[in-house]
Amino acid sequence: MKTLLPLCALALLTACASPPMTRPVDNAALPEAVRVPVGLKQTMATTGVGEITYECREKKDMAGAHEWVFVAPMATLFADGRRNVGKYYAGPTWEAADGSKVTGKQVAVAPGGAGNIPLQLVKAEPAMGAGAMQGVAYIQRLNTKGGVAPAAACDAASKGQRRTVAYEADYVFYGS
């Protein structure tokens, strides 16, 4: 029994430290704009659950007109089985639980359906830190749910007010 306990503890630690499992994505079935370049391999798949903050601001070049403007996202990244594997926040930045992180720039978008933020393809900058994000070259945002600007009025009286909107999306990571 004494030798079994350390082995169980080691197995538990190994399971917690393992990278998120991947759910294969059929890129050929996606809108062309958000497909990853040929030759890249899917390295990880997560689901982000969180919220997007919008602020009521005056429209540029339209004095007196107002609109809800995207400010920042904040989401927890989950792997299969709702295991917390990291977070997603302004930058955009994806940070793994192991401390490695990657930022990127949007390359393309495609419609996500009524009431949903668009699908997205992001080209990643080199990762900071060794770990799950090391070697990530592209990130897709797929299967979006919610996240669009608030339906509440945005006018001079509400200028400067912020609203958060719930959203969910799959983030799929690719490397060579």
# chains A, B, ... in the order shown; residues from 1 in each chain; ligands from 1
$ residues_around --residues "Ile52 of chain A" --least-positions-apart "6" --cutoff "9 Å" --atoms "only C-alpha atoms" --output "list in words"
Phe70, Val71, Ala72, Pro73, Met74, Ala75, Gly147, Val148, Ala149, Arg163, Thr164, Val165, Ala166 and Tyr167 of chain A
$ residues_around --residues "segment 125-141 of chain A" --least-positions-apart "6" --cutoff "6 Å" --atoms "only C-alpha atoms" --output "MDAnalysis selection string"
chainID A and resid 100:104 119 170:175
$ write_last_selection --atoms "C-alpha atoms" --output "PDB file, in the first residue's frame"
ATOM      1  CA  SER A 100       3.694  29.773 -21.974  1.00  0.00           C
ATOM      2  CA  LYS A 101       1.749  32.270 -24.060  1.00  0.00           C
ATOM      3  CA  VAL A 102       1.288  33.441 -27.599  1.00  0.00           C
ATOM      4  CA  THR A 103      -0.066  36.628 -29.166  1.00  0.00           C
ATOM      5  CA  GLY A 104      -1.130  37.165 -32.736  1.00  0.00           C
ATOM      6  CA  LEU A 119     -14.973  32.809 -37.051  1.00  0.00           C
ATOM      7  CA  ASP A 170     -13.368  26.823 -29.863  1.00  0.00           C
ATOM      8  CA  TYR A 171      -9.716  27.887 -30.214  1.00  0.00           C
ATOM      9  CA  VAL A 172      -7.674  25.482 -32.341  1.00  0.00           C
ATOM     10  CA  PHE A 173      -3.873  25.763 -32.410  1.00  0.00           C
ATOM     11  CA  TYR A 174      -1.559  24.733 -35.268  1.00  0.00           C
ATOM     12  CA  GLY A 175       2.199  24.372 -35.672  1.00  0.00           C
TER      13      GLY A 175
END
$ select_by_dssp --residues "segment 10-167 of chain A" --states "strand (DSSP E)" --output "number ranges by chain"
A: 41-58, 66-79, 83-89, 93-96, 101-110, 119-124, 136-146, 162-167
$ write_last_selection --atoms "C-alpha atoms" --output "CSV table (one decimal), in the first residue's frame"
chain,number,residue,atom,x,y,z
A,41,LYS,CA,-0.5,20.2,-37.9
A,42,GLN,CA,-3.2,20.7,-35.2
A,43,THR,CA,-1.4,20.7,-31.9
A,44,MET,CA,-4.2,21.6,-29.4
A,45,ALA,CA,-8.0,22.3,-29.3
A,46,THR,CA,-9.7,24.2,-26.5
A,47,THR,CA,-13.0,25.8,-25.7
A,48,GLY,CA,-13.0,29.4,-24.5
A,49,VAL,CA,-15.9,30.4,-22.1
A,50,GLY,CA,-16.0,33.9,-21.0
A,51,GLU,CA,-17.2,37.4,-21.9
A,52,ILE,CA,-16.4,40.3,-24.2
A,53,THR,CA,-16.5,43.9,-23.0
A,54,TYR,CA,-17.9,46.6,-25.2
A,55,GLU,CA,-18.0,50.4,-24.6
A,56,CYS,CA,-20.5,52.9,-26.0
A,57,ARG,CA,-18.5,55.5,-28.0
A,58,GLU,CA,-19.1,58.2,-30.5
A,66,HIS,CA,-22.8,56.3,-31.2
A,67,GLU,CA,-22.0,52.6,-31.4
A,68,TRP,CA,-20.8,49.8,-29.1
A,69,VAL,CA,-17.1,49.2,-29.6
A,70,PHE,CA,-15.1,46.1,-28.8
A,71,VAL,CA,-12.8,46.6,-25.8
A,72,ALA,CA,-11.5,43.3,-24.7
A,73,PRO,CA,-12.2,39.5,-24.3
A,74,MET,CA,-11.6,37.4,-21.2
A,75,ALA,CA,-12.2,33.7,-21.3
A,76,THR,CA,-11.1,30.5,-19.5
A,77,LEU,CA,-9.7,27.9,-21.9
A,78,PHE,CA,-10.9,24.3,-21.3
A,79,ALA,CA,-9.8,21.0,-22.8
A,83,ARG,CA,-10.3,20.8,-17.7
A,84,ASN,CA,-9.0,24.3,-17.2
A,85,VAL,CA,-5.8,24.6,-19.4
A,86,GLY,CA,-5.4,28.4,-19.7
A,87,LYS,CA,-6.9,31.7,-20.4
A,88,TYR,CA,-7.5,34.1,-23.3
A,89,TYR,CA,-7.4,37.9,-23.0
A,93,THR,CA,-3.2,36.6,-25.9
A,94,TRP,CA,-3.6,32.9,-25.3
A,95,GLU,CA,-1.8,31.7,-22.1
A,96,ALA,CA,-1.5,28.1,-21.1
A,101,LYS,CA,1.7,32.3,-24.1
A,102,VAL,CA,1.3,33.4,-27.6
A,103,THR,CA,-0.1,36.6,-29.2
A,104,GLY,CA,-1.1,37.2,-32.7
A,105,LYS,CA,-2.7,39.3,-35.5
A,106,GLN,CA,-6.0,38.6,-37.2
A,107,VAL,CA,-5.5,37.4,-40.8
A,108,ALA,CA,-9.2,36.8,-41.8
A,109,VAL,CA,-12.7,36.3,-40.5
A,110,ALA,CA,-15.9,34.5,-41.8
A,119,LEU,CA,-15.0,32.8,-37.1
A,120,GLN,CA,-11.4,34.0,-37.1
A,121,LEU,CA,-7.9,33.0,-38.3
A,122,VAL,CA,-4.9,34.5,-36.4
A,123,LYS,CA,-1.2,34.3,-37.3
A,124,ALA,CA,0.7,33.8,-34.1
A,136,VAL,CA,2.1,27.6,-32.4
A,137,ALA,CA,1.9,29.3,-35.8
A,138,TYR,CA,-1.8,29.8,-36.3
A,139,ILE,CA,-5.0,29.9,-34.2
A,140,GLN,CA,-8.6,29.5,-35.4
A,141,ARG,CA,-11.7,30.7,-33.6
A,142,LEU,CA,-14.5,28.3,-34.5
A,143,ASN,CA,-18.0,27.3,-33.4
A,144,THR,CA,-18.7,30.7,-31.9
A,145,LYS,CA,-21.7,31.3,-29.6
A,146,GLY,CA,-22.8,34.8,-28.6
A,162,ARG,CA,-19.4,49.4,-20.6
A,163,ARG,CA,-21.3,46.2,-21.1
A,164,THR,CA,-20.1,42.6,-21.0
A,165,VAL,CA,-21.6,39.9,-23.2
A,166,ALA,CA,-21.2,36.2,-22.7
A,167,TYR,CA,-19.6,34.1,-25.4
$ atom_distance --atom1 "atom CA of Ala157 of chain A" --atom2 "atom CA of Gly115 of chain A"
25.3 Å
$ atom_distance --atom1 "atom CA of Val38 of chain A" --atom2 "atom CA of Ser176 of chain A"
10.0 Å
$ closest_residue --among "A:Ile117, A:Met62, A:Arg23, A:Gly99" --to "Asp80 of chain A" --atoms "only C-alpha atoms"
A:Arg23
